>>> print(open('final_25.cif').read())   # mmCIF, C-alpha atoms
data_my_file
loop_
_atom_site.label_atom_id
_atom_site.label_comp_id
_atom_site.auth_asym_id
_atom_site.auth_seq_id
_atom_site.Cartn_x
_atom_site.Cartn_y
_atom_site.Cartn_z
CA MET A 1 64.10 87.27 97.63
CA LEU A 2 67.11 85.71 99.34
CA LYS A 3 68.55 84.57 96.00
CA THR A 4 68.07 88.06 94.57
CA GLY A 5 69.82 89.59 97.54
CA LEU A 6 72.73 87.18 97.31
CA LEU A 7 73.02 87.86 93.60
CA ALA A 8 73.15 91.61 94.24
CA VAL A 9 75.88 91.13 96.86
CA ALA A 10 77.87 88.90 94.50
CA LEU A 11 77.60 91.40 91.66
CA ALA A 12 78.59 94.26 93.95
CA THR A 13 81.58 92.28 95.20
CA LEU A 14 82.59 91.45 91.64
CA CYS A 15 82.30 95.07 90.51
CA PHE A 16 84.19 96.27 93.59
CA GLY A 17 86.97 93.79 92.88
CA GLN A 18 87.20 94.93 89.28
CA ALA A 19 87.29 98.58 90.34
CA LYS A 20 90.14 97.85 92.70
CA LYS A 21 92.39 96.48 89.95
CA PRO A 22 95.15 99.01 89.25
CA LEU A 23 97.06 100.16 86.23
CA ASP A 24 100.49 98.57 86.69
CA ILE A 25 103.51 100.27 85.12
CA TYR A 26 106.96 98.68 84.97
CA PHE A 27 109.89 101.04 84.34
CA MET A 28 112.66 98.67 83.25
CA ASP A 29 116.43 99.02 83.46
CA MET A 30 117.76 99.37 79.93
CA GLU A 31 121.02 100.97 81.15
CA GLY A 32 120.08 104.37 79.75
CA GLY A 33 117.87 102.98 76.98
CA HIS A 34 114.10 102.68 77.26
CA SER A 35 111.33 100.14 77.68
CA THR A 36 108.22 100.61 79.81
CA LEU A 37 105.34 98.17 80.23
CA TYR A 38 101.76 99.22 81.00
CA VAL A 39 99.23 96.59 82.12
CA SER A 40 95.66 97.89 82.27
CA PRO A 41 93.02 96.90 84.84
CA SER A 42 91.47 94.81 82.05
CA GLY A 43 94.71 92.84 81.64
CA GLN A 44 95.58 94.27 78.24
CA SER A 45 99.18 95.37 77.77
CA MET A 46 101.12 98.13 76.03
CA LEU A 47 104.90 98.14 75.73
CA ILE A 48 106.73 101.31 74.74
CA ASP A 49 110.12 100.52 73.16
CA THR A 50 112.43 97.53 73.48
CA GLY A 51 115.85 98.75 74.64
CA SER A 52 119.14 98.11 72.85
CA PRO A 53 120.21 95.23 70.57
CA GLY A 54 121.53 92.04 72.14
CA ASP A 55 120.20 89.51 74.60
CA ARG A 56 120.59 91.56 77.78
CA ASP A 57 117.73 94.03 77.34
CA VAL A 58 115.36 91.51 75.77
CA ASP A 59 116.00 89.06 78.62
CA ARG A 60 115.16 91.83 81.07
CA ILE A 61 111.94 92.70 79.25
CA VAL A 62 110.87 89.06 79.14
CA ALA A 63 111.56 88.71 82.87
CA VAL A 64 109.25 91.64 83.58
CA LEU A 65 106.58 90.32 81.22
CA GLU A 66 106.65 87.04 83.12
CA ALA A 67 106.49 88.80 86.49
CA ALA A 68 103.50 90.80 85.23
CA GLY A 69 101.74 87.70 83.88
CA VAL A 70 101.69 89.12 80.33
CA LYS A 71 101.31 86.46 77.63
CA GLN A 72 101.12 88.79 74.64
CA ILE A 73 101.79 92.45 73.85
CA ASP A 74 98.52 93.97 72.70
CA TYR A 75 100.09 97.26 71.58
CA MET A 76 103.78 97.68 70.78
CA VAL A 77 104.61 101.38 70.59
CA LEU A 78 107.90 102.32 68.95
CA SER A 79 108.52 105.90 70.02
CA HIS A 80 111.26 106.44 67.40
CA TYR A 81 113.92 104.40 65.65
CA HIS A 82 117.07 104.87 67.72
CA GLY A 83 119.01 101.80 68.78
CA ASP A 84 118.41 102.22 72.51
CA HIS A 85 114.65 102.26 71.89
CA VAL A 86 114.01 99.69 69.14
CA GLY A 87 117.15 97.54 69.19
CA GLY A 88 115.45 94.62 70.92
CA LEU A 89 112.32 94.44 68.75
CA GLU A 90 113.34 91.65 66.39
CA ALA A 91 114.45 89.36 69.20
CA LEU A 92 111.43 90.19 71.36
CA ALA A 93 108.99 89.43 68.53
CA LYS A 94 110.41 85.91 68.41
CA ARG A 95 109.67 85.37 72.10
CA ILE A 96 106.17 86.77 72.61
CA PRO A 97 103.19 87.49 70.32
CA ILE A 98 102.78 91.15 69.33
CA LYS A 99 99.27 92.04 68.18
CA HIS A 100 99.52 95.66 67.01
CA TYR A 101 102.31 98.13 66.19
CA VAL A 102 102.24 101.92 66.67
CA ASP A 103 104.91 104.37 65.44
CA HIS A 104 105.42 107.89 64.05
CA GLY A 105 105.86 106.83 60.42
CA ALA A 106 109.00 106.83 58.30
CA SER A 107 112.35 107.62 59.86
CA VAL A 108 113.76 111.05 59.03
CA GLU A 109 117.37 109.95 59.47
CA PRO A 110 119.43 108.93 56.42
CA ARG A 111 121.28 106.18 58.28
CA GLU A 112 119.69 103.52 60.45
CA GLN A 113 121.08 103.12 63.95
CA VAL A 114 120.03 99.45 63.83
CA ALA A 115 121.16 98.05 60.48
CA GLY A 116 118.29 96.63 58.44
CA PHE A 117 115.68 97.71 60.98
CA GLN A 118 113.10 99.18 58.60
CA LYS A 119 113.01 96.08 56.41
CA MET A 120 112.76 93.82 59.44
CA TYR A 121 110.03 96.01 60.92
CA ALA A 122 108.06 95.98 57.67
CA ASP A 123 108.15 92.19 57.73
CA LEU A 124 106.67 92.28 61.25
CA TYR A 125 103.82 94.66 60.55
CA GLU A 126 102.84 92.73 57.46
CA LYS A 127 101.70 90.06 59.93
CA ALA A 128 99.97 92.39 62.40
CA PRO A 129 98.18 95.74 62.17
CA ARG A 130 100.22 98.94 62.18
CA THR A 131 99.04 102.43 63.15
CA ILE A 132 100.94 105.62 62.31
CA ALA A 133 100.09 107.81 65.28
CA LYS A 134 98.96 111.42 65.08
CA PRO A 135 98.42 113.86 67.95
CA GLY A 136 94.94 113.45 69.33
CA ASP A 137 94.69 109.76 68.40
CA LYS A 138 93.68 107.20 71.00
CA ILE A 139 95.30 103.81 71.58
CA PRO A 140 92.37 101.58 72.53
CA VAL A 141 93.75 99.60 75.46
CA ALA A 142 90.68 98.41 77.37
CA GLY A 143 90.34 100.07 80.76
CA LEU A 144 92.62 103.03 80.01
CA ASP A 145 92.43 106.38 78.22
CA ILE A 146 95.63 106.69 76.14
CA THR A 147 96.10 109.84 74.07
CA VAL A 148 98.85 110.56 71.56
CA VAL A 149 100.19 114.05 72.35
CA THR A 150 103.30 114.10 70.12
CA SER A 151 104.28 112.29 66.93
CA ALA A 152 106.40 113.13 63.88
CA ASN A 153 107.31 116.46 65.54
CA GLN A 154 103.65 117.46 65.66
CA VAL A 155 101.93 118.25 68.95
CA ILE A 156 98.44 118.23 70.37
CA LYS A 157 97.00 121.72 70.70
CA LYS A 158 93.39 121.15 71.69
CA PRO A 159 93.10 120.98 75.50
CA MET A 160 92.56 117.43 76.72
CA ALA A 161 88.97 117.04 77.89
CA GLY A 162 88.57 116.69 81.64
CA ALA A 163 92.29 117.06 82.37
CA PRO A 164 93.07 119.27 85.40
CA GLY A 165 94.59 122.55 84.19
CA ALA A 166 94.37 121.71 80.48
CA GLY A 167 94.10 124.79 78.25
CA LYS A 168 95.35 127.25 80.84
CA PRO A 169 98.30 129.61 80.22
CA ASN A 170 101.64 128.08 81.21
CA ALA A 171 103.50 130.57 83.40
CA ALA A 172 106.77 128.65 82.94
CA CYS A 173 106.84 129.64 79.26
CA ALA A 174 107.86 133.22 80.13
CA ASP A 175 111.42 132.15 80.99
CA PHE A 176 111.85 129.57 78.22
CA GLN A 177 115.29 129.73 76.61
CA PRO A 178 115.66 127.88 73.27
CA ARG A 179 118.74 125.77 72.66
CA ASP A 180 120.92 125.09 69.67
CA GLU A 181 119.70 121.68 68.48
CA ALA A 182 121.92 121.47 65.39
CA ARG A 183 123.56 118.32 66.76
CA VAL A 184 120.38 116.68 68.04
CA ASP A 185 119.61 113.43 66.21
CA PRO A 186 116.60 114.36 64.05
CA ASP A 187 114.46 111.35 64.96
CA ASN A 188 114.32 112.39 68.62
CA PRO A 189 111.68 115.14 68.23
CA GLN A 190 109.70 112.72 66.06
CA SER A 191 108.98 110.66 69.21
CA VAL A 192 105.51 109.30 69.85
CA GLY A 193 104.51 110.72 73.23
CA LEU A 194 101.53 109.48 75.24
CA VAL A 195 99.39 110.52 78.18
CA ILE A 196 97.97 107.44 79.90
CA ALA A 197 95.04 107.77 82.30
CA ASN A 198 93.33 105.32 84.63
CA GLY A 199 90.39 107.33 85.88
CA LYS A 200 91.82 110.32 87.75
CA PHE A 201 95.39 109.00 87.64
CA ARG A 202 97.51 110.43 84.79
CA THR A 203 101.06 109.74 83.62
CA ILE A 204 103.11 110.87 80.63
CA ASN A 205 105.83 109.27 78.50
CA LEU A 206 107.36 111.53 75.82
CA ALA A 207 110.33 109.25 74.98
CA ASP A 208 113.13 111.45 73.53
CA PHE A 209 111.06 114.52 72.64
CA THR A 210 113.45 117.48 72.72
CA TRP A 211 113.77 120.82 74.52
CA ASN A 212 112.77 123.22 71.73
CA SER A 213 109.82 121.07 70.67
CA GLU A 214 108.62 121.06 74.29
CA LYS A 215 107.83 124.76 73.85
CA ASP A 216 105.66 123.95 70.84
CA LEU A 217 103.76 121.47 73.00
CA MET A 218 103.40 123.46 76.20
CA CYS A 219 103.35 127.15 75.22
CA PRO A 220 101.70 129.55 75.52
CA ASN A 221 98.87 127.38 76.83
CA ASN A 222 99.25 123.91 78.35
CA PRO A 223 96.99 121.45 76.49
CA ILE A 224 97.87 118.48 78.72
CA GLY A 225 97.25 119.82 82.20
CA THR A 226 98.83 118.19 85.23
CA VAL A 227 100.03 114.62 85.71
CA ASP A 228 100.75 112.41 88.69
CA VAL A 229 103.82 110.59 87.35
CA TYR A 230 106.30 112.04 84.86
CA LEU A 231 108.84 109.82 83.13
CA THR A 232 111.77 112.18 82.59
CA SER A 233 112.04 113.03 78.92
CA HIS A 234 115.07 111.67 77.05
CA HIS A 235 116.45 109.66 80.00
CA GLY A 236 117.04 112.85 81.99
CA ILE A 237 119.75 114.22 79.69
CA ASP A 238 120.20 117.92 78.94
CA GLN A 239 118.47 117.84 75.54
CA SER A 240 115.03 117.67 77.16
CA GLY A 241 113.09 118.31 80.35
CA SER A 242 112.70 122.11 80.22
CA PRO A 243 110.92 123.93 83.06
CA ALA A 244 108.22 124.84 80.53
CA LEU A 245 107.42 121.14 80.29
CA VAL A 246 108.06 119.96 83.84
CA HIS A 247 106.58 122.93 85.71
CA GLY A 248 103.59 122.95 83.38
CA LEU A 249 102.90 119.28 84.09
CA ARG A 250 103.38 119.73 87.86
CA PRO A 251 104.02 116.02 88.54
CA ARG A 252 103.87 114.61 92.03
CA VAL A 253 106.50 111.98 91.21
CA ALA A 254 109.26 111.87 88.60
CA ILE A 255 110.88 108.63 87.48
CA MET A 256 114.23 108.88 85.72
CA HIS A 257 115.14 106.03 83.34
CA ASN A 258 118.81 106.88 83.39
CA GLY A 259 122.07 104.98 83.22
CA THR A 260 125.06 105.63 85.44
CA ARG A 261 126.48 108.25 83.05
CA LYS A 262 123.44 108.93 80.88
CA GLY A 263 120.85 111.19 82.43
CA GLY A 264 121.00 113.05 85.69
CA ALA A 265 121.95 116.31 83.96
CA ALA A 266 122.18 119.42 86.12
CA SER A 267 119.40 121.12 84.14
CA THR A 268 117.16 118.07 84.63
CA TYR A 269 117.61 118.05 88.39
CA SER A 270 117.14 121.83 88.53
CA ALA A 271 113.82 121.64 86.69
CA LEU A 272 112.65 118.80 88.92
CA HIS A 273 113.75 120.25 92.25
CA THR A 274 112.02 123.57 91.49
CA SER A 275 108.84 122.03 90.05
CA PRO A 276 105.76 123.01 92.08
CA GLY A 277 104.27 120.09 93.97
CA LEU A 278 107.00 117.54 93.22
CA GLU A 279 107.19 115.07 96.10
CA ASP A 280 109.84 112.54 95.04
CA ILE A 281 112.32 111.53 92.36
CA TRP A 282 112.82 107.80 91.72
CA GLN A 283 115.69 106.59 89.53
CA LEU A 284 116.70 103.40 87.74
CA HIS A 285 120.38 104.12 88.49
CA TRP A 286 122.52 106.14 90.83
CA SER A 287 123.69 108.99 88.60
CA TRP A 288 127.41 109.69 88.50
CA THR A 289 126.85 113.31 87.49
CA GLY A 290 124.12 113.76 90.10
CA GLY A 291 126.59 112.96 92.88
CA LEU A 292 125.71 113.48 96.51
CA GLU A 293 123.92 116.76 95.89
CA ASN A 294 121.23 115.61 93.45
CA ASN A 295 120.70 111.85 93.66
CA PRO A 296 117.74 110.92 95.86
CA ALA A 297 118.16 108.70 98.90
CA GLY A 298 119.16 105.13 98.10
CA VAL A 299 115.72 103.72 98.84
CA PHE A 300 114.46 105.50 95.71
CA ILE A 301 117.16 104.07 93.39
CA ALA A 302 116.66 100.68 91.74
CA ASN A 303 120.25 99.89 90.70
CA LEU A 304 123.50 100.83 92.41
CA ASP A 305 127.15 100.54 91.44
CA ASP A 306 129.51 98.68 93.75
CA LYS A 307 130.81 100.66 96.72
CA GLU A 308 134.28 101.15 95.25
CA THR A 309 132.94 102.72 92.07
CA ILE A 310 130.56 105.03 93.93
CA ALA A 311 133.33 106.11 96.30
CA ASN A 312 135.61 106.89 93.36
CA VAL A 313 132.93 108.87 91.54
CA ILE A 314 132.22 110.92 94.66
CA GLN A 315 135.92 111.67 95.14
CA ASN A 316 136.58 112.30 91.42
CA PRO A 317 133.36 113.68 89.93
CA PRO A 318 133.10 113.21 86.17
CA THR A 319 132.58 116.13 83.82
CA PRO A 320 128.88 116.17 82.94
CA MET A 321 128.06 114.66 79.56
CA GLN A 322 126.99 117.29 77.02
CA PHE A 323 124.75 115.45 74.59
CA GLY A 324 124.61 116.79 71.06
CA THR A 325 127.49 119.22 71.58
CA GLY A 326 130.57 117.32 70.54
CA GLY A 327 132.83 114.38 71.16
CA ARG A 328 133.67 112.53 74.36
CA GLY A 329 137.39 111.94 74.10
CA PRO A 330 139.80 112.25 77.04
CA GLY A 331 139.20 115.52 78.78
CA ALA A 332 136.08 116.21 76.73
CA PRO A 333 132.62 116.40 78.27
CA GLY A 334 131.60 112.98 79.44
CA ALA A 335 135.12 111.67 80.08
CA PRO A 336 135.00 109.47 83.21
CA PRO A 337 137.08 110.20 86.29
CA ALA A 338 140.31 108.32 86.74
CA ALA A 339 139.69 104.92 88.34
CA THR A 340 141.32 104.25 91.67
CA THR A 341 140.49 100.56 91.92
CA ALA A 342 140.37 97.63 89.53
CA THR A 343 136.63 97.34 90.09
CA ALA A 344 136.05 100.98 89.26
CA ALA A 345 138.27 100.70 86.21
CA ALA A 346 136.20 97.81 84.92
CA GLY A 347 133.00 99.74 85.50
CA MET A 348 134.32 102.80 83.70
CA GLY A 349 135.25 100.86 80.62
CA ARG A 350 131.61 100.74 79.62
CA GLY A 351 130.22 102.34 76.48
CA PRO A 352 129.23 106.01 76.59
CA GLY A 353 126.23 106.64 78.77
CA ARG A 354 125.39 103.03 79.52
CA GLY A 355 126.37 100.61 82.22
CA GLY A 356 127.43 97.12 81.29
CA HIS A 357 126.36 95.06 84.27
CA THR A 358 124.78 91.74 83.42
CA GLY A 359 123.61 90.75 86.88
CA PRO A 360 120.19 91.47 88.41
CA ALA A 361 118.43 94.45 86.84
CA PHE A 362 115.80 95.86 89.14
CA TRP A 363 112.81 97.84 87.97
CA ILE A 364 110.49 100.45 89.45
CA LYS A 365 106.80 99.58 89.56
CA VAL A 366 103.86 101.97 89.81
CA SER A 367 100.40 100.66 90.70
CA ALA A 368 97.72 103.30 90.12
CA GLN A 369 94.06 103.26 91.15
CA ALA A 370 91.27 105.03 89.28
CA ASP A 371 90.71 107.42 92.22
CA GLY A 372 94.15 108.93 91.55
CA SER A 373 96.03 107.21 94.36
CA PHE A 374 99.13 105.19 93.53
CA THR A 375 102.10 103.36 95.01
CA VAL A 376 105.68 103.19 93.76
CA THR A 377 107.89 100.19 94.54
CA ASN A 378 111.65 99.73 94.21
CA THR A 379 112.14 96.04 93.43
CA ARG A 380 115.76 96.09 94.58
CA ASN A 381 114.89 96.64 98.23
CA GLY A 382 111.11 96.26 98.37
CA PHE A 383 110.68 99.89 99.45
CA THR A 384 107.17 101.11 98.68
CA LYS A 385 105.66 104.55 99.09
CA SER A 386 101.98 105.38 98.73
CA TYR A 387 100.61 108.64 97.33
CA GLY A 388 97.01 109.41 98.23
CA ALA A 389 94.30 110.62 95.87
CA LYS A 390 93.97 114.38 95.48
#
>>> encode(input="final_25.cif", output="structure tokens")
Amino acid sequence: MLKTGLLAVALATLCFGQAKKPLDIYFMDMEGGHSTLYVSPSGQSMLIDTGSPGDRDVDRIVAVLEAAGVKQIDYMVLSHYHGDHVGGLEALAKRIPIKHYVDHGASVEPREQVAGFQKMYADLYEKAPRTIAKPGDKIPVAGLDITVVTSANQVIKKPMAGAPGAGKPNAACADFQPRDEARVDPDNPQSVGLVIANGKFRTINLADFTWNSEKDLMCPNNPIGTVDVYLTSHHGIDQSGSPALVHGLRPRVAIMHNGTRKGGAASTYSALHTSPGLEDIWQLHWSWTGGLENNPAGVFIANLDDKETIANVIQNPPTPMQFGTGGRGPGAPGAPPAATTATAAAGMGRGPGRGGHTGPAFWIKVSAQADGSFTVTNTRNGFTKSYGAK
């Protein structure tokens, strides 16, 4: 009898310990590119995108993989084939085993942003399984429920089973205003977008899915329902993140994977600040265009410019970048403010939309429990905030 009782206690303790394991999400600093790591309670991993070409972003990804204790990538999701999303794949595949690839299928763009990418990618998926994702598909990471909601500019329409608010009319659709997307790179709306759930906790990553296609996804009825954590679509630039999307999702927390000059668009902040139920915005960078009025408090920002650069940007605000609407020459949208110090001048010599710092790159970590509660941590300063289950 005693042995039976001890066995029952041991099993209960083991099950309790397993139930307490969270979904860990690592939003990495790709300087306005994208790479996010998901580690399930079972220990399996999914990486979405690999940042830009070169050693910097791959080194940052590997550092996070090591911090997370990840020895292999079980599912490598390539949202679409732009350089700031897939540029690091070839180098990363040489440094860690990748067991399965997921993408939207063939590129729709006539010219590759990463030269020779498709041939290199084909060589990789000859050695490991490849899945071409379709809306409604599941990515079978043990311990999670991962649903494809967008792919190849197709969207899920059937309401997601058990999702709060799924299938209900989306009131934010009434004021939707379409945009001219003639200059939008055509592979952006092809993005593989996912809803990831750990029990009651739900988060969404739509990569670079664009404004007009968001209406197709969210209107007139919202098939996704509400989420707890929303990764701002398209780095927080003005090609994505419509109120129809954001207000329909009603996130409690938004995380912006921006660079200093990429992301932080006025329309993005407006949609977030007016979104019902939003509690906080966390950012990978202090946004030059956000300025004092829109950037959150410093404790919520993972990477900061030096004081001289920030002071100059505040005193000489840059013209907001208008993505997909034209060039960025002197005086054009996106031109940086005149530098007043040597340090600021060096910082403003970076490529469009991305910072060039090569020092520490801090990430934002979310740890989510199956009851819907979660914590968010800024690894730059150790600031952590907890959000209770609802």
>>> closest_residue(input="final_25.cif", among="A:Ile281, A:Pro41, A:Ser213, A:Gln190", to="Tyr230 of chain A", atoms="all atoms listed in the file")
A:Ile281
>>> residues_around(input="final_25.cif", residues="segment 64-75 of chain A", least_positions_apart="5", cutoff="6 Å", atoms="all atoms listed in the file", output="ChimeraX atom specification")
/A:45-46,96-101
>>> resolve_selection(input="final_25.cif", expression="the PyMOL selection byres ((chain A and resi 107) around 8)", output="JSON, numbers by chain")
{"A": [80, 81, 105, 106, 108, 109, 110, 187]}
>>> closest_residue(input="final_25.cif", among="A:Leu144, A:Val184, A:Ile204, A:Ala361", to="Asp57 of chain A", atoms="only C-alpha atoms")
A:Ala361
>>> closest_residue(input="final_25.cif", among="A:Met160, A:Val77, A:Leu217, A:Leu124", to="Lys94 of chain A", atoms="only C-alpha atoms")
A:Leu124
>>> closest_residue(input="final_25.cif", among="A:Ala244, A:Ala163, A:Ile301, A:Leu89", to="Lys365 of chain A", atoms="only C-alpha atoms")
A:Ile301
>>> atom_distance(input="final_25.cif", atom1="atom CA of Asp175 of chain A", atom2="atom CA of Cys219 of chain A")
11.1 Å
